[in-house]
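So this one's coords.pdb, PDB, N, CA and C atoms:
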ATOM      1  N   MET J 116       6.564 -42.824   6.100
ATOM      2  CA  MET J 116       6.355 -42.557   4.703
ATOM      3  C   MET J 116       7.650 -42.854   3.964
ATOM      4  N   SER J 117       7.560 -43.524   2.847
ATOM      5  CA  SER J 117       8.755 -43.896   2.093
ATOM      6  C   SER J 117       9.364 -42.667   1.420
ATOM      7  N   PRO J 118      10.675 -42.698   1.163
ATOM      8  CA  PRO J 118      11.319 -41.562   0.502
ATOM      9  C   PRO J 118      10.722 -41.281  -0.877
ATOM     10  N   HIS J 119      10.323 -42.346  -1.590
ATOM     11  CA  HIS J 119       9.736 -42.145  -2.920
ATOM     12  C   HIS J 119       8.399 -41.409  -2.812
ATOM     13  N   SER J 120       7.590 -41.766  -1.839
ATOM     14  CA  SER J 120       6.301 -41.111  -1.631
ATOM     15  C   SER J 120       6.500 -39.665  -1.192
ATOM     16  N   ARG J 121       7.489 -39.422  -0.355
ATOM     17  CA  ARG J 121       7.796 -38.070   0.115
ATOM     18  C   ARG J 121       8.219 -37.191  -1.062
ATOM     19  N   ASN J 122       9.006 -37.745  -1.979
ATOM     20  CA  ASN J 122       9.455 -37.002  -3.146
ATOM     21  C   ASN J 122       8.262 -36.617  -4.022
ATOM     22  N   GLY J 123       7.303 -37.521  -4.170
ATOM     23  CA  GLY J 123       6.093 -37.226  -4.945
ATOM     24  C   GLY J 123       5.289 -36.108  -4.331
ATOM     25  N   ALA J 124       5.189 -36.100  -3.004
ATOM     26  CA  ALA J 124       4.462 -35.031  -2.314
ATOM     27  C   ALA J 124       5.184 -33.701  -2.503
ATOM     28  N   ASN J 125       6.517 -33.721  -2.443
ATOM     29  CA  ASN J 125       7.284 -32.493  -2.651
ATOM     30  C   ASN J 125       7.066 -31.956  -4.062
ATOM     31  N   GLN J 126       7.055 -32.864  -5.043
ATOM     32  CA  GLN J 126       6.831 -32.429  -6.425
ATOM     33  C   GLN J 126       5.421 -31.873  -6.599
ATOM     34  N   ALA J 127       4.448 -32.509  -6.007
ATOM     35  CA  ALA J 127       3.071 -32.018  -6.104
ATOM     36  C   ALA J 127       2.946 -30.645  -5.456
ATOM     37  N   GLY J 128       3.542 -30.482  -4.291
ATOM     38  CA  GLY J 128       3.509 -29.189  -3.613
ATOM     39  C   GLY J 128       4.196 -28.108  -4.424
ATOM     40  N   THR J 129       5.304 -28.454  -5.050
ATOM     41  CA  THR J 129       6.028 -27.496  -5.885
ATOM     42  C   THR J 129       5.186 -27.097  -7.093
ATOM     43  N   ILE J 130       4.531 -28.053  -7.714
ATOM     44  CA  ILE J 130       3.684 -27.761  -8.878
ATOM     45  C   ILE J 130       2.521 -26.853  -8.483
ATOM     46  N   ILE J 131       1.906 -27.118  -7.348
ATOM     47  CA  ILE J 131       0.796 -26.283  -6.866
ATOM     48  C   ILE J 131       1.274 -24.851  -6.637
ATOM     49  N   ALA J 132       2.442 -24.701  -6.015
ATOM     50  CA  ALA J 132       2.981 -23.368  -5.753
ATOM     51  C   ALA J 132       3.302 -22.642  -7.062
ATOM     52  N   ILE J 133       3.841 -23.350  -8.036
ATOM     53  CA  ILE J 133       4.179 -22.735  -9.328
ATOM     54  C   ILE J 133       2.914 -22.286 -10.052
ATOM     55  N   VAL J 134       1.882 -23.114 -10.035
ATOM     56  CA  VAL J 134       0.614 -22.736 -10.681
ATOM     57  C   VAL J 134       0.039 -21.486 -10.017
ATOM     58  N   ALA J 135       0.061 -21.429  -8.696
ATOM     59  CA  ALA J 135      -0.437 -20.246  -7.979
ATOM     60  C   ALA J 135       0.384 -19.011  -8.354
ATOM     61  N   ASP J 136       1.701 -19.178  -8.466
ATOM     62  CA  ASP J 136       2.572 -18.061  -8.851
ATOM     63  C   ASP J 136       2.264 -17.574 -10.260
ATOM     64  N   ILE J 137       2.032 -18.497 -11.178
ATOM     65  CA  ILE J 137       1.717 -18.118 -12.563
ATOM     66  C   ILE J 137       0.389 -17.376 -12.625
ATOM     67  N   MET J 138      -0.588 -17.849 -11.869
ATOM     68  CA  MET J 138      -1.891 -17.175 -11.839
ATOM     69  C   MET J 138      -1.737 -15.746 -11.317
ATOM     70  N   ALA J 139      -0.991 -15.586 -10.232
ATOM     71  CA  ALA J 139      -0.770 -14.256  -9.665
ATOM     72  C   ALA J 139       0.046 -13.386 -10.623
ATOM     73  N   LEU J 140       0.995 -13.994 -11.337
ATOM     74  CA  LEU J 140       1.799 -13.249 -12.306
ATOM     75  C   LEU J 140       0.924 -12.704 -13.434
ATOM     76  N   ILE J 141       0.023 -13.508 -13.941
ATOM     77  CA  ILE J 141      -0.888 -13.057 -15.004
ATOM     78  C   ILE J 141      -1.734 -11.886 -14.506
ATOM     79  N   LEU J 142      -2.263 -12.006 -13.308
ATOM     80  CA  LEU J 142      -3.082 -10.926 -12.747
ATOM     81  C   LEU J 142      -2.257  -9.655 -12.540
ATOM     82  N   GLY J 143      -1.063  -9.820 -12.005
ATOM     83  CA  GLY J 143      -0.182  -8.665 -11.795
ATOM     84  C   GLY J 143       0.235  -8.024 -13.108
ATOM     85  N   LEU J 144       0.474  -8.852 -14.109
ATOM     86  CA  LEU J 144       0.849  -8.341 -15.423
ATOM     87  C   LEU J 144      -0.300  -7.533 -16.034
ATOM     88  N   TRP J 145      -1.536  -8.017 -15.857
ATOM     89  CA  TRP J 145      -2.666  -7.252 -16.380
ATOM     90  C   TRP J 145      -2.797  -5.909 -15.662
ATOM     91  N   ILE J 146      -2.618  -5.905 -14.346
ATOM     92  CA  ILE J 146      -2.687  -4.636 -13.601
ATOM     93  C   ILE J 146      -1.652  -3.661 -14.150
ATOM     94  N   LEU J 147      -0.439  -4.136 -14.344
ATOM     95  CA  LEU J 147       0.634  -3.290 -14.869
ATOM     96  C   LEU J 147       0.295  -2.796 -16.275
ATOM     97  N   MET J 148      -0.188  -3.689 -17.131
ATOM     98  CA  MET J 148      -0.549  -3.293 -18.496
ATOM     99  C   MET J 148      -1.674  -2.264 -18.485
ATOM    100  N   TYR J 149      -2.638  -2.443 -17.592
ATOM    101  CA  TYR J 149      -3.748  -1.489 -17.493
ATOM    102  C   TYR J 149      -3.230  -0.118 -17.055
ATOM    103  N   LEU J 150      -2.407  -0.110 -16.013
ATOM    104  CA  LEU J 150      -1.903   1.160 -15.497
ATOM    105  C   LEU J 150      -1.009   1.886 -16.499
ATOM    106  N   LEU J 151      -0.296   1.113 -17.332
ATOM    107  CA  LEU J 151       0.587   1.712 -18.335
ATOM    108  C   LEU J 151      -0.131   1.935 -19.666
ATOM    109  N   ASP J 152      -1.437   1.688 -19.690
ATOM    110  CA  ASP J 152      -2.278   1.903 -20.868
ATOM    111  C   ASP J 152      -1.754   1.137 -22.088
ATOM    112  N   ALA J 153      -1.566  -0.167 -21.903
ATOM    113  CA  ALA J 153      -1.092  -1.020 -22.993
ATOM    114  C   ALA J 153      -2.118  -1.055 -24.122
ATOM    115  N   ASN J 154      -1.636  -1.273 -25.319
ATOM    116  CA  ASN J 154      -2.469  -1.317 -26.514
ATOM    117  C   ASN J 154      -3.352  -2.558 -26.476
ATOM    118  N   ARG J 155      -4.631  -2.384 -26.272
ATOM    119  CA  ARG J 155      -5.545  -3.517 -26.142
ATOM    120  C   ARG J 155      -5.818  -4.215 -27.465
ATOM    121  N   ALA J 156      -5.395  -3.623 -28.564
ATOM    122  CA  ALA J 156      -5.531  -4.280 -29.867
ATOM    123  C   ALA J 156      -4.420  -5.312 -30.077
ATOM    124  N   ASN J 157      -3.382  -5.258 -29.258
ATOM    125  CA  ASN J 157      -2.278  -6.208 -29.346
ATOM    126  C   ASN J 157      -2.746  -7.576 -28.863
ATOM    127  N   ASP J 158      -2.381  -8.631 -29.598
ATOM    128  CA  ASP J 158      -2.833  -9.982 -29.263
ATOM    129  C   ASP J 158      -2.343 -10.439 -27.887
ATOM    130  N   PHE J 159      -1.087 -10.129 -27.536
ATOM    131  CA  PHE J 159      -0.554 -10.545 -26.235
ATOM    132  C   PHE J 159      -1.300  -9.848 -25.098
ATOM    133  N   VAL J 160      -1.522  -8.556 -25.254
ATOM    134  CA  VAL J 160      -2.253  -7.792 -24.229
ATOM    135  C   VAL J 160      -3.665  -8.343 -24.091
ATOM    136  N   GLN J 161      -4.303  -8.648 -25.206
ATOM    137  CA  GLN J 161      -5.663  -9.199 -25.174
ATOM    138  C   GLN J 161      -5.673 -10.569 -24.492
ATOM    139  N   PHE J 162      -4.659 -11.391 -24.767
ATOM    140  CA  PHE J 162      -4.564 -12.704 -24.127
ATOM    141  C   PHE J 162      -4.430 -12.562 -22.608
ATOM    142  N   ILE J 163      -3.541 -11.683 -22.166
ATOM    143  CA  ILE J 163      -3.349 -11.464 -20.724
ATOM    144  C   ILE J 163      -4.633 -10.928 -20.099
ATOM    145  N   HIS J 164      -5.306  -9.996 -20.784
ATOM    146  CA  HIS J 164      -6.545  -9.443 -20.251
ATOM    147  C   HIS J 164      -7.616 -10.522 -20.119
ATOM    148  N   ASP J 165      -7.766 -11.345 -21.150
ATOM    149  CA  ASP J 165      -8.768 -12.415 -21.112
ATOM    150  C   ASP J 165      -8.469 -13.413 -19.996
ATOM    151  N   ALA J 166      -7.196 -13.803 -19.864
ATOM    152  CA  ALA J 166      -6.807 -14.756 -18.818
ATOM    153  C   ALA J 166      -7.036 -14.151 -17.431
ATOM    154  N   ALA J 167      -6.640 -12.891 -17.264
ATOM    155  CA  ALA J 167      -6.818 -12.224 -15.969
ATOM    156  C   ALA J 167      -8.294 -12.062 -15.636
ATOM    157  N   ARG J 168      -9.085 -11.721 -16.623
ATOM    158  CA  ARG J 168     -10.531 -11.556 -16.376
ATOM    159  C   ARG J 168     -11.154 -12.885 -15.961
ATOM    160  N   TRP J 169     -10.712 -13.974 -16.587
ATOM    161  CA  TRP J 169     -11.226 -15.288 -16.218
ATOM    162  C   TRP J 169     -10.783 -15.656 -14.806
ATOM    163  N   LEU J 170      -9.499 -15.425 -14.485
ATOM    164  CA  LEU J 170      -8.982 -15.762 -13.153
ATOM    165  C   LEU J 170      -9.637 -14.927 -12.055
ATOM    166  N   ALA J 171      -9.939 -13.687 -12.371
ATOM    167  CA  ALA J 171     -10.508 -12.781 -11.366
ATOM    168  C   ALA J 171     -11.998 -12.574 -11.592
ATOM    169  N   GLY J 172     -12.645 -13.520 -12.229
ATOM    170  CA  GLY J 172     -14.075 -13.394 -12.499
ATOM    171  C   GLY J 172     -14.892 -13.135 -11.251
ATOM    172  N   TRP J 173     -14.445 -13.646 -10.136
ATOM    173  CA  TRP J 173     -15.181 -13.496  -8.882
ATOM    174  C   TRP J 173     -14.864 -12.183  -8.179
ATOM    175  N   SER J 174     -13.798 -11.469  -8.595
ATOM    176  CA  SER J 174     -13.406 -10.282  -7.822
ATOM    177  C   SER J 174     -13.186  -9.020  -8.648
ATOM    178  N   HIS J 175     -13.243  -9.096  -9.973
ATOM    179  CA  HIS J 175     -12.851  -7.909 -10.748
ATOM    180  C   HIS J 175     -13.800  -6.730 -10.586
ATOM    181  N   ASP J 176     -15.039  -6.927 -10.251
ATOM    182  CA  ASP J 176     -15.964  -5.817  -9.998
ATOM    183  C   ASP J 176     -16.463  -5.816  -8.552
ATOM    184  N   LEU J 177     -15.668  -6.331  -7.664
ATOM    185  CA  LEU J 177     -16.053  -6.438  -6.267
ATOM    186  C   LEU J 177     -16.084  -5.078  -5.571
ATOM    187  N   PHE J 178     -15.192  -4.180  -5.992
ATOM    188  CA  PHE J 178     -15.074  -2.870  -5.357
ATOM    189  C   PHE J 178     -15.692  -1.796  -6.250
ATOM    190  N   THR J 179     -16.191  -0.736  -5.639
ATOM    191  CA  THR J 179     -16.867   0.322  -6.389
ATOM    192  C   THR J 179     -16.199   1.677  -6.183
ATOM    193  N   PHE J 180     -14.892   1.717  -6.324
ATOM    194  CA  PHE J 180     -14.185   2.994  -6.242
ATOM    195  C   PHE J 180     -14.616   3.883  -7.406
ATOM    196  N   ASP J 181     -14.491   5.196  -7.230
ATOM    197  CA  ASP J 181     -14.849   6.124  -8.299
ATOM    198  C   ASP J 181     -13.901   6.004  -9.493
ATOM    199  N   GLU J 182     -12.649   5.791  -9.218
ATOM    200  CA  GLU J 182     -11.651   5.711 -10.285
ATOM    201  C   GLU J 182     -11.546   4.274 -10.806
ATOM    202  N   GLN J 183     -11.569   4.127 -12.127
ATOM    203  CA  GLN J 183     -11.478   2.802 -12.748
ATOM    204  C   GLN J 183     -10.164   2.106 -12.398
ATOM    205  N   TRP J 184      -9.045   2.856 -12.365
ATOM    206  CA  TRP J 184      -7.756   2.228 -12.078
ATOM    207  C   TRP J 184      -7.755   1.621 -10.677
ATOM    208  N   ALA J 185      -8.441   2.244  -9.732
ATOM    209  CA  ALA J 185      -8.498   1.717  -8.367
ATOM    210  C   ALA J 185      -9.308   0.419  -8.323
ATOM    211  N   ARG J 186     -10.384   0.349  -9.118
ATOM    212  CA  ARG J 186     -11.172  -0.889  -9.191
ATOM    213  C   ARG J 186     -10.354  -2.023  -9.782
ATOM    214  N   VAL J 187      -9.572  -1.721 -10.829
ATOM    215  CA  VAL J 187      -8.731  -2.742 -11.464
ATOM    216  C   VAL J 187      -7.670  -3.233 -10.482
ATOM    217  N   VAL J 188      -6.971  -2.309  -9.852
ATOM    218  CA  VAL J 188      -5.906  -2.689  -8.912
ATOM    219  C   VAL J 188      -6.477  -3.482  -7.737
ATOM    220  N   ALA J 189      -7.577  -3.030  -7.164
ATOM    221  CA  ALA J 189      -8.151  -3.708  -6.006
ATOM    222  C   ALA J 189      -8.750  -5.064  -6.378
ATOM    223  N   GLY J 190      -9.513  -5.122  -7.438
ATOM    224  CA  GLY J 190     -10.179  -6.367  -7.815
ATOM    225  C   GLY J 190      -9.215  -7.442  -8.278
ATOM    226  N   TYR J 191      -8.358  -7.098  -9.233
ATOM    227  CA  TYR J 191      -7.404  -8.080  -9.745
ATOM    228  C   TYR J 191      -6.296  -8.351  -8.727
ATOM    229  N   GLY J 192      -5.925  -7.313  -7.973
ATOM    230  CA  GLY J 192      -4.899  -7.498  -6.938
ATOM    231  C   GLY J 192      -5.371  -8.426  -5.832
ATOM    232  N   LEU J 193      -6.632  -8.292  -5.444
ATOM    233  CA  LEU J 193      -7.184  -9.186  -4.430
ATOM    234  C   LEU J 193      -7.140 -10.635  -4.911
ATOM    235  N   ALA J 194      -7.525 -10.858  -6.151
ATOM    236  CA  ALA J 194      -7.490 -12.217  -6.701
ATOM    237  C   ALA J 194      -6.063 -12.767  -6.681
ATOM    238  N   ALA J 195      -5.086 -11.946  -7.056
ATOM    239  CA  ALA J 195      -3.693 -12.391  -7.066
ATOM    240  C   ALA J 195      -3.228 -12.783  -5.664
ATOM    241  N   VAL J 196      -3.554 -11.961  -4.680
ATOM    242  CA  VAL J 196      -3.163 -12.252  -3.298
ATOM    243  C   VAL J 196      -3.842 -13.523  -2.791
ATOM    244  N   VAL J 197      -5.118 -13.686  -3.106
ATOM    245  CA  VAL J 197      -5.848 -14.881  -2.672
ATOM    246  C   VAL J 197      -5.238 -16.137  -3.302
ATOM    247  N   TYR J 198      -4.957 -16.078  -4.607
ATOM    248  CA  TYR J 198      -4.350 -17.244  -5.259
ATOM    249  C   TYR J 198      -2.983 -17.565  -4.667
ATOM    250  N   LEU J 199      -2.182 -16.547  -4.402
ATOM    251  CA  LEU J 199      -0.878 -16.795  -3.786
ATOM    252  C   LEU J 199      -1.032 -17.403  -2.398
ATOM    253  N   PHE J 200      -1.901 -16.819  -1.586
ATOM    254  CA  PHE J 200      -2.085 -17.294  -0.218
ATOM    255  C   PHE J 200      -2.609 -18.723  -0.189
ATOM    256  N   ILE J 201      -3.691 -18.972  -0.907
ATOM    257  CA  ILE J 201      -4.301 -20.308  -0.891
ATOM    258  C   ILE J 201      -3.396 -21.331  -1.578
ATOM    259  N   GLY J 202      -2.821 -20.955  -2.714
ATOM    260  CA  GLY J 202      -1.937 -21.880  -3.433
ATOM    261  C   GLY J 202      -0.732 -22.299  -2.610
ATOM    262  N   HIS J 203      -0.100 -21.350  -1.957
ATOM    263  CA  HIS J 203       1.075 -21.683  -1.148
ATOM    264  C   HIS J 203       0.689 -22.396   0.149
ATOM    265  N   ALA J 204      -0.483 -22.086   0.692
ATOM    266  CA  ALA J 204      -0.947 -22.815   1.878
ATOM    267  C   ALA J 204      -1.192 -24.278   1.533
ATOM    268  N   ILE J 205      -1.834 -24.525   0.393
ATOM    269  CA  ILE J 205      -2.057 -25.911  -0.033
ATOM    270  C   ILE J 205      -0.732 -26.598  -0.326
ATOM    271  N   ALA J 206       0.175 -25.901  -0.998
ATOM    272  CA  ALA J 206       1.490 -26.477  -1.314
ATOM    273  C   ALA J 206       2.241 -26.844  -0.039
ATOM    274  N   ASN J 207       2.209 -25.981   0.959
ATOM    275  CA  ASN J 207       2.892 -26.273   2.227
ATOM    276  C   ASN J 207       2.247 -27.472   2.926
ATOM    277  N   ARG J 208       0.949 -27.554   2.855
ATOM    278  CA  ARG J 208       0.237 -28.691   3.455
ATOM    279  C   ARG J 208       0.628 -30.007   2.762
ATOM    280  N   VAL J 209       0.714 -29.967   1.433
ATOM    281  CA  VAL J 209       1.110 -31.153   0.669
ATOM    282  C   VAL J 209       2.550 -31.523   0.997
ATOM    283  N   HIS J 210       3.421 -30.539   1.127
ATOM    284  CA  HIS J 210       4.817 -30.804   1.462
ATOM    285  C   HIS J 210       4.951 -31.521   2.801
ATOM    286  N   ARG J 211       4.090 -31.190   3.748
ATOM    287  CA  ARG J 211       4.179 -31.785   5.091
ATOM    288  C   ARG J 211       3.685 -33.218   5.125
ATOM    289  N   HIS J 212       2.860 -33.633   4.177
ATOM    290  CA  HIS J 212       2.298 -34.984   4.206
ATOM    291  C   HIS J 212       2.877 -35.884   3.184
TER     292      HIS J 212
END
Would you write out, as C-alpha cells, the structure that this file holds?
Amino acid sequence: MSPHSRNGANQAGTIIAIVADIMALILGLWILMYLLDANRANDFVQFIHDAARWLAGWSHDLFTFDEQWARVVAGYGLAAVVYLFIGHAIANRVHRH
C-alpha cells in the first residue's frame, strides 16, 4: 500500500473515531443535563435533548426501571457505549487497511 493511500486510511479512521466520540459526548451531556435537572426551556438544552433522542432512538426506552433517571442513564448510556465501541472498532479496522 502506498504511503499516500495509508495516510488517507488513517485520516478516515480518525474521522470515524471523532464522529463516534461526538455522538457519545452528546448522549453523555444529555444524561448529565437530565440528572442535574437542566432547564428544558433553554435552546441549548433542547438542542442536546433532541440530538440525544435521535441518536438513542433505538435504546432510550429499552429498559423499564421504576425510576425515570435510571431509564435515562441506562438507555442513553447504552447508546453512547455502543457508538463508542462500534465507532472505534470500525476506525481501528480502517487504520489497519
Legend entry - Residue nearest Tyr198 of chain J - candidates J:Leu151, J:Ala127, J:Ala135, J:Ala185, atoms counted: all atoms listed in the file: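 Ranked by minimum distance to Tyr198 of chain J, first place goes to J:Ala135.
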Just need the box for segment 160-165 of chain J, edges along x, y and z, holding every atom the file lists for it with 3 Å tacked onto each side, so centre and edge lengths in Å to one decimal, as JSON.
{"center_x": -5.1, "center_y": -10.6, "center_z": -22.6, "size_x": 13.2, "size_y": 11.6, "size_z": 11.3}
Inset, instruction - Identify which of the residues J:Ile163, J:Val197, J:Ile205, J:Phe180 lies closest to Thr129 of chain J, counting all atoms listed in the file when measuring atom-to-atom distances. - result: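 Closest residue, counting all atoms listed in the file: J:Ile205.
Closest approach to Val188 of chain J from the set J:Ile131, J:Met138, J:Leu144, J:Ala156 is made by J:Leu144, with distances taken over only C-alpha atoms.
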Inset, instruction - In Å, rounded to a single decimal, give me how far atom CA of Asn207 of chain J is from atom N of Ile130 of chain J. - result: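 Answer for the atom N of Ile130 of chain J to atom CA of Asn207 of chain J separation: 10.2 Å.
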Inset, instruction - Fewer than 6 positions away in the same chain doesn't count, so skip those; otherwise give me all residues within 6 Å of His175 of chain J, counting all atoms listed in the file, as JSON, numbers by chain. - result: {"J": [186, 190, 191]}
Export N, CA and C atoms of the chosen residues as a PDB file, in the frame of the given file?
ATOM      1  N   ARG J 186     -10.384   0.349  -9.118  1.00  0.00           N
ATOM      2  CA  ARG J 186     -11.172  -0.889  -9.191  1.00  0.00           C
ATOM      3  C   ARG J 186     -10.354  -2.023  -9.782  1.00  0.00           C
ATOM      4  N   GLY J 190      -9.513  -5.122  -7.438  1.00  0.00           N
ATOM      5  CA  GLY J 190     -10.179  -6.367  -7.815  1.00  0.00           C
ATOM      6  C   GLY J 190      -9.215  -7.442  -8.278  1.00  0.00           C
ATOM      7  N   TYR J 191      -8.358  -7.098  -9.233  1.00  0.00           N
ATOM      8  CA  TYR J 191      -7.404  -8.080  -9.745  1.00  0.00           C
ATOM      9  C   TYR J 191      -6.296  -8.351  -8.727  1.00  0.00           C
TER      10      TYR J 191
END
Legend entry - Length of the atom N of Gly172 of chain J to atom CA of Gln126 of chain J vector [Å]: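 Interatomic distance here is 27.8 Å.
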Inset, instruction - Tell me which protein, DNA and RNA residues are within 7 Å of Ala139 of chain J, counting all atoms listed in the file, leaving out same-chain ones fewer than 3 positions away, and put them as a PyMOL selection string. - result: chain J and resi 134-136+142-144+194-196+198-199
Saved selection, atoms kept: N, CA and C atoms, as a PDB file, in the coordinates of the input:
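The resulting file, selection.pdb, is shown below:
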ATOM      1  N   VAL J 134       1.882 -23.114 -10.035  1.00  0.00           N
ATOM      2  CA  VAL J 134       0.614 -22.736 -10.681  1.00  0.00           C
ATOM      3  C   VAL J 134       0.039 -21.486 -10.017  1.00  0.00           C
ATOM      4  N   ALA J 135       0.061 -21.429  -8.696  1.00  0.00           N
ATOM      5  CA  ALA J 135      -0.437 -20.246  -7.979  1.00  0.00           C
ATOM      6  C   ALA J 135       0.384 -19.011  -8.354  1.00  0.00           C
ATOM      7  N   ASP J 136       1.701 -19.178  -8.466  1.00  0.00           N
ATOM      8  CA  ASP J 136       2.572 -18.061  -8.851  1.00  0.00           C
ATOM      9  C   ASP J 136       2.264 -17.574 -10.260  1.00  0.00           C
ATOM     10  N   LEU J 142      -2.263 -12.006 -13.308  1.00  0.00           N
ATOM     11  CA  LEU J 142      -3.082 -10.926 -12.747  1.00  0.00           C
ATOM     12  C   LEU J 142      -2.257  -9.655 -12.540  1.00  0.00           C
ATOM     13  N   GLY J 143      -1.063  -9.820 -12.005  1.00  0.00           N
ATOM     14  CA  GLY J 143      -0.182  -8.665 -11.795  1.00  0.00           C
ATOM     15  C   GLY J 143       0.235  -8.024 -13.108  1.00  0.00           C
ATOM     16  N   LEU J 144       0.474  -8.852 -14.109  1.00  0.00           N
ATOM     17  CA  LEU J 144       0.849  -8.341 -15.423  1.00  0.00           C
ATOM     18  C   LEU J 144      -0.300  -7.533 -16.034  1.00  0.00           C
ATOM     19  N   ALA J 194      -7.525 -10.858  -6.151  1.00  0.00           N
ATOM     20  CA  ALA J 194      -7.490 -12.217  -6.701  1.00  0.00           C
ATOM     21  C   ALA J 194      -6.063 -12.767  -6.681  1.00  0.00           C
ATOM     22  N   ALA J 195      -5.086 -11.946  -7.056  1.00  0.00           N
ATOM     23  CA  ALA J 195      -3.693 -12.391  -7.066  1.00  0.00           C
ATOM     24  C   ALA J 195      -3.228 -12.783  -5.664  1.00  0.00           C
ATOM     25  N   VAL J 196      -3.554 -11.961  -4.680  1.00  0.00           N
ATOM     26  CA  VAL J 196      -3.163 -12.252  -3.298  1.00  0.00           C
ATOM     27  C   VAL J 196      -3.842 -13.523  -2.791  1.00  0.00           C
ATOM     28  N   TYR J 198      -4.957 -16.078  -4.607  1.00  0.00           N
ATOM     29  CA  TYR J 198      -4.350 -17.244  -5.259  1.00  0.00           C
ATOM     30  C   TYR J 198      -2.983 -17.565  -4.667  1.00  0.00           C
ATOM     31  N   LEU J 199      -2.182 -16.547  -4.402  1.00  0.00           N
ATOM     32  CA  LEU J 199      -0.878 -16.795  -3.786  1.00  0.00           C
ATOM     33  C   LEU J 199      -1.032 -17.403  -2.398  1.00  0.00           C
TER      34      LEU J 199
END
Inset, instruction - Could you jot down the atom CA of Ala189 of chain J to atom N of Ala171 of chain J separation for me, Å, one decimal place? - result: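 Atom-to-atom, atom CA of Ala189 of chain J and atom N of Ala171 of chain J are spaced 12.0 Å apart.
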Legend entry - Nearest-residue call for Arg211 of chain J, choices J:Asn154, J:Asn125, J:Gln183, J:Leu170, using only N, CA and C atoms: J:Asn125
Legend entry - Residue nearest Leu150 of chain J - candidates J:Phe178, J:Ile201, J:Trp184, J:Ala166, atoms counted: all atoms listed in the file: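 Among the listed residues, the smallest separation from Leu150 of chain J belongs to J:Trp184.
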Inset, instruction - Name the residues of segment 116-173 of chain J that fall into helix (DSSP H, G or I) according to DSSP on the backbone, using the chain letters and numbers of this document, as a PyMOL selection string. - result: chain J and resi 118-150+158-170
How would segment 175-187 of chain J look with N, CA, C and O atoms restored, written as a PDB file, in the frame of the given file?
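Saved result, rebuild01.pdb, follows:
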ATOM      1  N   HIS J 175     -13.243  -9.096  -9.973  1.00  0.00           N
ATOM      2  CA  HIS J 175     -12.851  -7.909 -10.748  1.00  0.00           C
ATOM      3  C   HIS J 175     -13.800  -6.730 -10.586  1.00  0.00           C
ATOM      4  O   HIS J 175     -13.387  -5.591 -10.760  1.00  0.00           O
ATOM      5  N   ASP J 176     -15.039  -6.927 -10.251  1.00  0.00           N
ATOM      6  CA  ASP J 176     -15.964  -5.817  -9.998  1.00  0.00           C
ATOM      7  C   ASP J 176     -16.463  -5.816  -8.552  1.00  0.00           C
ATOM      8  O   ASP J 176     -17.555  -5.331  -8.262  1.00  0.00           O
ATOM      9  N   LEU J 177     -15.668  -6.331  -7.664  1.00  0.00           N
ATOM     10  CA  LEU J 177     -16.053  -6.438  -6.267  1.00  0.00           C
ATOM     11  C   LEU J 177     -16.084  -5.078  -5.571  1.00  0.00           C
ATOM     12  O   LEU J 177     -16.910  -4.833  -4.702  1.00  0.00           O
ATOM     13  N   PHE J 178     -15.192  -4.180  -5.992  1.00  0.00           N
ATOM     14  CA  PHE J 178     -15.074  -2.870  -5.357  1.00  0.00           C
ATOM     15  C   PHE J 178     -15.692  -1.796  -6.250  1.00  0.00           C
ATOM     16  O   PHE J 178     -15.698  -1.920  -7.468  1.00  0.00           O
ATOM     17  N   THR J 179     -16.191  -0.736  -5.639  1.00  0.00           N
ATOM     18  CA  THR J 179     -16.867   0.322  -6.389  1.00  0.00           C
ATOM     19  C   THR J 179     -16.199   1.677  -6.183  1.00  0.00           C
ATOM     20  O   THR J 179     -16.864   2.677  -5.921  1.00  0.00           O
ATOM     21  N   PHE J 180     -14.892   1.717  -6.324  1.00  0.00           N
ATOM     22  CA  PHE J 180     -14.185   2.994  -6.242  1.00  0.00           C
ATOM     23  C   PHE J 180     -14.616   3.883  -7.406  1.00  0.00           C
ATOM     24  O   PHE J 180     -15.026   3.392  -8.454  1.00  0.00           O
ATOM     25  N   ASP J 181     -14.491   5.196  -7.230  1.00  0.00           N
ATOM     26  CA  ASP J 181     -14.849   6.124  -8.299  1.00  0.00           C
ATOM     27  C   ASP J 181     -13.901   6.004  -9.493  1.00  0.00           C
ATOM     28  O   ASP J 181     -14.320   6.112 -10.632  1.00  0.00           O
ATOM     29  N   GLU J 182     -12.649   5.791  -9.218  1.00  0.00           N
ATOM     30  CA  GLU J 182     -11.651   5.711 -10.285  1.00  0.00           C
ATOM     31  C   GLU J 182     -11.546   4.274 -10.806  1.00  0.00           C
ATOM     32  O   GLU J 182     -11.422   3.331 -10.028  1.00  0.00           O
ATOM     33  N   GLN J 183     -11.569   4.127 -12.127  1.00  0.00           N
ATOM     34  CA  GLN J 183     -11.478   2.802 -12.748  1.00  0.00           C
ATOM     35  C   GLN J 183     -10.164   2.106 -12.398  1.00  0.00           C
ATOM     36  O   GLN J 183     -10.146   0.912 -12.134  1.00  0.00           O
ATOM     37  N   TRP J 184      -9.045   2.856 -12.365  1.00  0.00           N
ATOM     38  CA  TRP J 184      -7.756   2.228 -12.078  1.00  0.00           C
ATOM     39  C   TRP J 184      -7.755   1.621 -10.677  1.00  0.00           C
ATOM     40  O   TRP J 184      -7.157   0.569 -10.462  1.00  0.00           O
ATOM     41  N   ALA J 185      -8.441   2.244  -9.732  1.00  0.00           N
ATOM     42  CA  ALA J 185      -8.498   1.717  -8.367  1.00  0.00           C
ATOM     43  C   ALA J 185      -9.308   0.419  -8.323  1.00  0.00           C
ATOM     44  O   ALA J 185      -8.956  -0.515  -7.600  1.00  0.00           O
ATOM     45  N   ARG J 186     -10.384   0.349  -9.118  1.00  0.00           N
ATOM     46  CA  ARG J 186     -11.172  -0.889  -9.191  1.00  0.00           C
ATOM     47  C   ARG J 186     -10.354  -2.023  -9.782  1.00  0.00           C
ATOM     48  O   ARG J 186     -10.420  -3.158  -9.320  1.00  0.00           O
ATOM     49  N   VAL J 187      -9.572  -1.721 -10.829  1.00  0.00           N
ATOM     50  CA  VAL J 187      -8.731  -2.742 -11.464  1.00  0.00           C
ATOM     51  C   VAL J 187      -7.670  -3.233 -10.482  1.00  0.00           C
ATOM     52  O   VAL J 187      -7.493  -4.433 -10.296  1.00  0.00           O
TER      53      VAL J 187
END
